[in-house]
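Engineer: Okay, handing you the structure first.
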Amino acid sequence: MGEYWAGKWGAPRSWWDEHSAGAIVFPASLDGGSHLIFSPSFPFLAAQCLLLLACVLVLAAPGHSRHIQTLNIFKKSPSNTSASALKKTSWPRDCSEIPTGSPSDVYIIQPTGLHPIMVYCEMNVAGGGWTVIQRNRQGTEITWAESWNTYKYGFGNVRSEYWLGTEYIHQISRQKVYQVRFVIWDASNTMKFADYSLFSLEDESHGYRLTLGTYSGTAEDAMDSDNPRNVHNSMKFSTKDRDQDTYRGNCASRSGGGWWYSACYSVQLNMKGGITWGSLCNGNCKASAILIKPAPYH
């Protein structure tokens with residue numbers, strides 16, 4: 001299935017062109033709706049029915065009714081698919097379970113113990129299989145100054161800028177041992193990345209506390225620091241209405257977006273017009289993305 005993407009030259013391409021430095025290639029929906037791609041290994045008839053159910057569940061969740069785009073769905077029920085066949089159909093638990101060779105696009109996944117959710121799967125970069133949990137750009141229309149409950153269940157457009165949802169990120173990260181890649185387009189529009197060998201979020205009762213592993217990459221290690229004012233590793237998530245940082249004030253209100261603040265930050269990707277990654281780009285980063293997938297050694 002072909003798709004046109006908002007790349008450097010407007011040519012057909014995936015969201016991410018690994019070989020095109022300086023290109024911000026967020027996908028652009030052609031008709032204002034979202035379209036799901038299913039691998040040939042997914043039973044199509046069962047998918048029609050479950051897709052409708054999944055979208056109802058996702059859009060009914062708190063925080064989705066105002067933010068997540070409505071899907072264009074054919075509501076015709078499969079006529080020759082039995083109930084037992086539907087029960088046997090299962091979605092991948094994350095994007096690493098999407099078949100190799102599948103295109104980068106929007107898919108339905110179902111983390112263990114959770115209802116099906118929509119995510120963008122990056123299948124072309126660094127081995128593929130990445131679940132994209134965040135994307136932002138300098139000219140975003142999203143304010144990012146959302147409440148705890150809205151951050152919990154996610155907002156935005158999975159084909160452009162969005163936050164998947166802290167609860168969903170937690171549920172995904174508890175299934176396996178995950179790694180993370182933070183991708184930054186700096187002020188000169190050059191793509192850099194920061195990999196951490198471990199990524200996990202504790203549950204809501206523990207403030208969605210972030211844990212990161214060892215750093216490697218081409219961007220600086222801005223998420224971890226010996227300076228307690230700038231560290232993000234081991235920090236709880238804060239929003240304008242739930243202050244869990246170590247600052248005497250409220251970093252989320254001051255900065256305009258939810259994040260794993262200390263007092264206050266060296267990295268802030270969830271904000272409008274001021275994306276920051278350490279000294280690489282202080283408030284003038286062009287774009288960001290956060291991708292997770294199972295660590296290779298587990």
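A note on labels: chains of the structure tokens are A, B, ... as shown, every chain counts residues from 1, and ligands are counted from 1 in their shown order.
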Excluding Asp195 in chain A and residues on its chain fewer than 3 positions from it, collect all residues at most 7 Å away from it, counting only C-alpha atoms, and give them as a ChimeraX atom specification.
Structural biologist: /A:180-182,215-217
Engineer: Set the distance at 10 Å and use only C-alpha atoms: which residues neighbour Ala219 in chain A once local chain neighbours fewer than 2 positions away are removed? I'd like the list as a list in words.
Structural biologist: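 Residues meeting the cut-off are Phe182, Val183, Ile184, Trp185, Asp186, Met191, Lys192, Phe193, Ala194, Asp195, Tyr215, Ser216, Gly217, Asp221, Ala222, Trp277, Gly278, Ser279 and Leu280 of chain A.
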Engineer: Can you check which parts of range 173-241 of chain A lie within 8 Å of range 262-267 of chain A? Per residue, the shortest pair of atoms and distance in Å to one decimal, counting only C-alpha atoms, sorted by chain and number, as CSV.
Structural biologist:
residue,atom,partner,partner_atom,distance
A:Ala222,CA,A:Ser266,CA,6.2
A:Met223,CA,A:Val267,CA,6.4
A:Pro228,CA,A:Ser262,CA,6.9
A:Arg229,CA,A:Ala263,CA,4.5
A:Asn230,CA,A:Tyr265,CA,4.7
A:Val231,CA,A:Ser262,CA,6.0
A:His232,CA,A:Ser262,CA,6.3
A:Met235,CA,A:Ser262,CA,6.5
Engineer: Store the residues of this selection in a file with C-alpha atoms, as an mmCIF file, in the first residue's frame.
Structural biologist:
data_model
loop_
_atom_site.group_PDB
_atom_site.id
_atom_site.type_symbol
_atom_site.label_atom_id
_atom_site.label_comp_id
_atom_site.auth_asym_id
_atom_site.auth_seq_id
_atom_site.Cartn_x
_atom_site.Cartn_y
_atom_site.Cartn_z
ATOM 1 C CA ALA A 222 21.331 14.445 28.368
ATOM 2 C CA MET A 223 18.799 12.209 30.146
ATOM 3 C CA PRO A 228 20.510 16.570 40.487
ATOM 4 C CA ARG A 229 18.876 19.618 38.895
ATOM 5 C CA ASN A 230 19.151 18.197 35.384
ATOM 6 C CA VAL A 231 18.791 14.450 35.779
ATOM 7 C CA HIS A 232 15.763 12.652 34.274
ATOM 8 C CA MET A 235 12.462 10.734 38.036
#
Engineer: Calculated over only C-alpha atoms, which of the candidates A:Asn124, A:Gln134, A:Thr239, A:Gln171 has the smallest distance to Asn149 in chain A?
Structural biologist: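 Among A:Asn124, A:Gln134, A:Thr239, A:Gln171, it is A:Thr239 that comes nearest to Asn149 in chain A.
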Engineer: Can you work out the spacing between CA of Thr143 in chain A and CA of Cys281 in chain A in Å, to one decimal?
Structural biologist: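 These atoms are spaced 19.9 Å apart.
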Engineer: Which residue out of A:Lys293, A:Arg248, A:Lys176, A:Arg159 has the minimum interatomic distance to Met118 in chain A when only C-alpha atoms are used?
Structural biologist: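 Answer, going by the shortest atom-to-atom distance: A:Arg159.
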Engineer: So the first atom is CA of Leu198 in chain A and the second is CA of Tyr153 in chain A; what is the distance between them in Å, to one decimal place?
Structural biologist: 22.9 Å
Engineer: Would you mind reading off the distance between CA of Thr246 in chain A and CA of Asn282 in chain A, one decimal, in Å?
Structural biologist: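 Straight-line distance from CA of Thr246 in chain A to CA of Asn282 in chain A works out to 21.1 Å.
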Engineer: Quick one: everything within 8 Å of Gly213 in chain A, counting only C-alpha atoms, minus sequence neighbours fewer than 3 positions away in the same chain. Send it as a list of chain:residue names.
Structural biologist: A:Gln179, A:Tyr196, A:Ser197, A:Leu198, A:Phe199
Engineer: For the residues selected in the previous step, produce a file with all heavy atoms as a PDB file, in the first residue's frame.
Structural biologist:
ATOM      1  N   GLN A 179      14.636  -1.486  25.355  1.00  0.00           N
ATOM      2  CA  GLN A 179      15.616  -0.432  25.120  1.00  0.00           C
ATOM      3  C   GLN A 179      14.877   0.763  24.531  1.00  0.00           C
ATOM      4  O   GLN A 179      13.727   0.646  24.107  1.00  0.00           O
ATOM      5  CB  GLN A 179      16.689  -0.902  24.142  1.00  0.00           C
ATOM      6  CG  GLN A 179      16.150  -1.308  22.775  1.00  0.00           C
ATOM      7  CD  GLN A 179      17.217  -1.821  21.830  1.00  0.00           C
ATOM      8  OE1 GLN A 179      18.320  -1.284  21.771  1.00  0.00           O
ATOM      9  NE2 GLN A 179      16.898  -2.886  21.097  1.00  0.00           N
ATOM     10  N   TYR A 196      19.553   4.100  24.980  1.00  0.00           N
ATOM     11  CA  TYR A 196      19.742   3.626  26.351  1.00  0.00           C
ATOM     12  C   TYR A 196      19.375   2.147  26.375  1.00  0.00           C
ATOM     13  O   TYR A 196      18.314   1.757  25.875  1.00  0.00           O
ATOM     14  CB  TYR A 196      18.905   4.433  27.337  1.00  0.00           C
ATOM     15  CG  TYR A 196      19.355   5.872  27.452  1.00  0.00           C
ATOM     16  CD1 TYR A 196      18.874   6.839  26.579  1.00  0.00           C
ATOM     17  CD2 TYR A 196      20.287   6.262  28.404  1.00  0.00           C
ATOM     18  CE1 TYR A 196      19.288   8.161  26.656  1.00  0.00           C
ATOM     19  CE2 TYR A 196      20.713   7.582  28.499  1.00  0.00           C
ATOM     20  CZ  TYR A 196      20.215   8.523  27.624  1.00  0.00           C
ATOM     21  OH  TYR A 196      20.648   9.825  27.702  1.00  0.00           O
ATOM     22  N   SER A 197      20.246   1.358  26.968  1.00  0.00           N
ATOM     23  CA  SER A 197      20.123  -0.102  26.906  1.00  0.00           C
ATOM     24  C   SER A 197      18.930  -0.647  27.690  1.00  0.00           C
ATOM     25  O   SER A 197      18.553  -1.803  27.530  1.00  0.00           O
ATOM     26  CB  SER A 197      21.404  -0.760  27.422  1.00  0.00           C
ATOM     27  OG  SER A 197      21.660  -0.378  28.774  1.00  0.00           O
ATOM     28  N   LEU A 198      18.329   0.188  28.531  1.00  0.00           N
ATOM     29  CA  LEU A 198      17.175  -0.222  29.326  1.00  0.00           C
ATOM     30  C   LEU A 198      16.176   0.915  29.348  1.00  0.00           C
ATOM     31  O   LEU A 198      16.558   2.093  29.455  1.00  0.00           O
ATOM     32  CB  LEU A 198      17.589  -0.576  30.749  1.00  0.00           C
ATOM     33  CG  LEU A 198      16.472  -0.897  31.758  1.00  0.00           C
ATOM     34  CD1 LEU A 198      15.733  -2.169  31.356  1.00  0.00           C
ATOM     35  CD2 LEU A 198      17.034  -1.018  33.169  1.00  0.00           C
ATOM     36  N   PHE A 199      14.904   0.585  29.266  1.00  0.00           N
ATOM     37  CA  PHE A 199      13.831   1.563  29.390  1.00  0.00           C
ATOM     38  C   PHE A 199      12.663   0.894  30.099  1.00  0.00           C
ATOM     39  O   PHE A 199      12.176  -0.153  29.668  1.00  0.00           O
ATOM     40  CB  PHE A 199      13.360   2.052  28.022  1.00  0.00           C
ATOM     41  CG  PHE A 199      12.137   2.942  28.087  1.00  0.00           C
ATOM     42  CD1 PHE A 199      12.270   4.313  28.243  1.00  0.00           C
ATOM     43  CD2 PHE A 199      10.860   2.403  27.992  1.00  0.00           C
ATOM     44  CE1 PHE A 199      11.153   5.133  28.303  1.00  0.00           C
ATOM     45  CE2 PHE A 199       9.727   3.217  28.057  1.00  0.00           C
ATOM     46  CZ  PHE A 199       9.882   4.588  28.211  1.00  0.00           C
TER      47      PHE A 199
END
